[in-house]
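Reviewing the structure listed below.
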Amino acid sequence: MIKNKNLHGFHLSRRSALAVSAAALFAFAAPAPSFAEDKSIKVGIMAGEEEDIWRVVASEAAKKGLKIETITFNDYTQPNEALERGELDANAFQHQPYLDNQIKQHGYHIVRVGYTGVWPIGLYTKKYKSVAEIPEGAVIGVPNDPSNEGRALRVLQNEGLIKLKDDTGILATVADVTDNPKKIEIKELDAGIVGRSIDDLDAGIVNTDWALKSGLSPAERIAQEPIADNPYRNFIAVKDENKDADWVKTLVSSYQNETVKTEFDKVYKGTGLSAY
């Protein structure tokens with residue numbers, strides 16, 4: 001009886017050891033969440049094509065335990081204010097020159113955490129086939145926000161239509177124009193209005209996303225800014241206090257992957273380029 005009891009104890013001991021080993025193996029193999037499973041954030045984006053992109057981003061994030069609710073905007077002035085006030089956890093719509101100017105004007109505590117795409121700004125027209133055809137006294141529309149206006153004026157300078165002061169930075173304005181041989185009238189308009197006003201203009205400098213929204217095609221683009229070393233790559237931004245948070249890393253990785261890139265290329269048809 002003692003022998004059987006000892007044998008029974010041996011079996012119990014062995015089963016316990018196997019159970020402990022199996023539990024340890026399971027614990028090693030199971031993926032550990034980077035944060036609580038119910039983590040939910042709000043991300044501000046532009047209405048339109050970006051909604052298609054961010055549906056895929058949200059799907060990728062959900063696989064990692066992060067729920068994304070997108071909040072759409074129709075102009076560039078609101079997303080940073082909403083982020084600063086805490087109404088958003090992140091936004092994704094702007095490039096560094098724009099954010100730098102916003103911080104200078106409003107004192108925002110917002111930082112870049114991961115690049116998304118770049119949309120080369122272009123000169124569009126429905127009246128002419130080339131820059132050389134643009135006549136004297138032509139009216140050309142440009143975005144009126146500081147960073148995009150400077151960007152637009154540089155396109156006009158690159159094409160020989162105007163000349164800017166030698167020491168002009170990226171925030172050039174019409175006041176920095178020193179030479180205008182064709183006496184072009186530069187009309188400052190909201191970035192979202194330039195493309196929609198193209199029929200009333202001789203030409204207009206239009207951001208690619210707004211060109212798509214305005215129904216403009218690449219065939220109507222007669223000039224474009226250089227892509228190499230382009231400082232106008234868009235990115236995901238958050239409050240400075242959150243830049244090292246785990247959910248931010250998950251958010252960025254949920255955008256920067258091949259699945260999202262495939263959707264990006266499908267939606268923008270080559271007019272925008274992934275920038276990471």
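Labeling convention for the structure tokens: chains A, B, ... as they appear, residues from 1 per chain, ligands from 1 in order of appearance.
All residues of protein, DNA or RNA that reach within 9 Å of Ile121 (chain A), judged by only C-alpha atoms and not counting those fewer than 3 positions away in the chain, are Asn148, Arg151, Ala152, Val155, Ile205, Val206, Asn207, Thr208, Ala223, Gln224, Glu225 and Pro226 of chain A.
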Restricting the output to C-alpha atoms, write the selected residues as a PDB file, in the first residue's frame.
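Now in again_29.pdb:
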ATOM      1  CA  ASN A 148       1.469  76.901 -48.601  1.00  0.00           C
ATOM      2  CA  ARG A 151       5.419  76.900 -51.347  1.00  0.00           C
ATOM      3  CA  ALA A 152       3.240  78.110 -54.231  1.00  0.00           C
ATOM      4  CA  VAL A 155       6.726  76.966 -57.909  1.00  0.00           C
ATOM      5  CA  ILE A 205      -1.373  76.570 -57.461  1.00  0.00           C
ATOM      6  CA  VAL A 206      -3.333  73.736 -55.869  1.00  0.00           C
ATOM      7  CA  ASN A 207      -2.426  71.166 -53.227  1.00  0.00           C
ATOM      8  CA  THR A 208      -2.843  67.686 -54.712  1.00  0.00           C
ATOM      9  CA  ALA A 223       4.137  72.489 -63.467  1.00  0.00           C
ATOM     10  CA  GLN A 224       4.957  70.843 -60.162  1.00  0.00           C
ATOM     11  CA  GLU A 225       7.346  71.339 -57.260  1.00  0.00           C
ATOM     12  CA  PRO A 226      10.376  69.020 -57.001  1.00  0.00           C
TER      13      PRO A 226
END
Would you mind listing, for every residue of region 125-227 of chain A within 10 Å of region 46-54 of chain A, the two atoms forming the shortest contact and the distance between them in Å to one decimal, using only C-alpha atoms, sorted by chain and ascending residue number, as a Markdown table?
| residue | atom | partner | partner_atom | distance |
| --- | --- | --- | --- | --- |
| A:Asp209 | CA | A:Glu49 | CA | 8.0 |
| A:Trp210 | CA | A:Gly48 | CA | 9.6 |
| A:Leu212 | CA | A:Glu49 | CA | 8.7 |
| A:Lys213 | CA | A:Gly48 | CA | 7.5 |
Worksheet item: So which bits of region 25-216 of chain A end up alpha helix (DSSP H) when you DSSP the backbone, as a PyMOL selection string?
Response: chain A and resi 25-29+49-62+79-84+96-106+146-158+191-194+208-213
Discussion item. Residues near region 247-258 of chain A, anyone? I mean within 7 Å using only C-alpha atoms, not counting same-chain ones fewer than 3 positions away, as JSON, numbers by chain.
Written reply: {"A": [57, 60, 61, 114, 243, 244, 261, 262, 276]}
What would the file look like if the residues just selected were written as a CSV table (one decimal), in the first residue's frame with N, CA, C and O atoms?
chain,number,residue,atom,x,y,z
A,57,VAL,N,-6.2,52.0,-41.8
A,57,VAL,CA,-5.4,52.2,-40.6
A,57,VAL,C,-6.1,51.8,-39.3
A,57,VAL,O,-5.5,51.1,-38.5
A,60,GLU,N,-6.0,48.0,-39.1
A,60,GLU,CA,-4.7,47.5,-38.6
A,60,GLU,C,-4.5,47.8,-37.1
A,60,GLU,O,-4.0,46.9,-36.4
A,61,ALA,N,-4.9,48.9,-36.6
A,61,ALA,CA,-4.8,49.3,-35.2
A,61,ALA,C,-5.6,48.4,-34.3
A,61,ALA,O,-5.2,48.0,-33.3
A,114,GLY,N,5.3,60.6,-36.8
A,114,GLY,CA,5.5,59.6,-37.9
A,114,GLY,C,5.0,60.2,-39.2
A,114,GLY,O,3.8,60.7,-39.3
A,243,LYS,N,4.2,62.0,-26.8
A,243,LYS,CA,5.0,61.5,-27.9
A,243,LYS,C,5.6,60.2,-27.7
A,243,LYS,O,5.9,59.4,-28.7
A,244,ASP,N,5.9,59.8,-26.5
A,244,ASP,CA,6.6,58.5,-26.2
A,244,ASP,C,5.6,57.5,-25.7
A,244,ASP,O,6.0,56.4,-25.3
A,261,LYS,N,-0.2,51.2,-47.4
A,261,LYS,CA,0.4,51.8,-48.6
A,261,LYS,C,-0.3,51.3,-49.8
A,261,LYS,O,-0.5,52.1,-50.8
A,262,THR,N,-0.8,50.1,-49.9
A,262,THR,CA,-1.5,49.6,-51.0
A,262,THR,C,-2.8,50.4,-51.2
A,262,THR,O,-3.2,50.8,-52.3
A,276,TYR,N,7.4,57.4,-45.8
A,276,TYR,CA,8.1,56.8,-44.7
A,276,TYR,C,9.0,55.7,-45.1
A,276,TYR,O,8.9,55.3,-46.3
Worksheet item: Excluding same-chain residues fewer than 6 positions from Lys127 (chain A), what lies within 12 Å of it counting only C-alpha atoms, as a ChimeraX atom specification?
Response: /A:133-135,138-140,198-204,219-222
Mind writing the picked residues with C-alpha atoms as a PDB file, in the first residue's frame?
ATOM      1  CA  GLU A 133       1.480  80.137 -72.850  1.00  0.00           C
ATOM      2  CA  ILE A 134       0.447  82.008 -69.693  1.00  0.00           C
ATOM      3  CA  PRO A 135      -0.130  85.589 -70.925  1.00  0.00           C
ATOM      4  CA  ALA A 138      -2.763  86.562 -66.072  1.00  0.00           C
ATOM      5  CA  VAL A 139      -4.517  85.945 -62.750  1.00  0.00           C
ATOM      6  CA  ILE A 140      -2.995  83.063 -60.796  1.00  0.00           C
ATOM      7  CA  ILE A 198      -9.897  77.406 -61.543  1.00  0.00           C
ATOM      8  CA  ASP A 199     -12.518  78.287 -64.185  1.00  0.00           C
ATOM      9  CA  ASP A 200     -12.361  81.928 -63.047  1.00  0.00           C
ATOM     10  CA  LEU A 201      -8.547  82.005 -62.998  1.00  0.00           C
ATOM     11  CA  ASP A 202      -5.907  81.695 -65.677  1.00  0.00           C
ATOM     12  CA  ALA A 203      -4.145  79.186 -63.450  1.00  0.00           C
ATOM     13  CA  GLY A 204      -3.842  78.199 -59.815  1.00  0.00           C
ATOM     14  CA  ALA A 219      -3.425  66.465 -67.438  1.00  0.00           C
ATOM     15  CA  GLU A 220      -4.358  69.960 -66.257  1.00  0.00           C
ATOM     16  CA  ARG A 221      -1.150  70.311 -64.214  1.00  0.00           C
ATOM     17  CA  ILE A 222       1.493  72.197 -66.210  1.00  0.00           C
TER      18      ILE A 222
END
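Among the candidate residues A:His106, A:Lys182, A:Lys269, A:Arg112, the one lying nearest to Ala90 (chain A) is A:Arg112, with distances computed using only C-alpha atoms.
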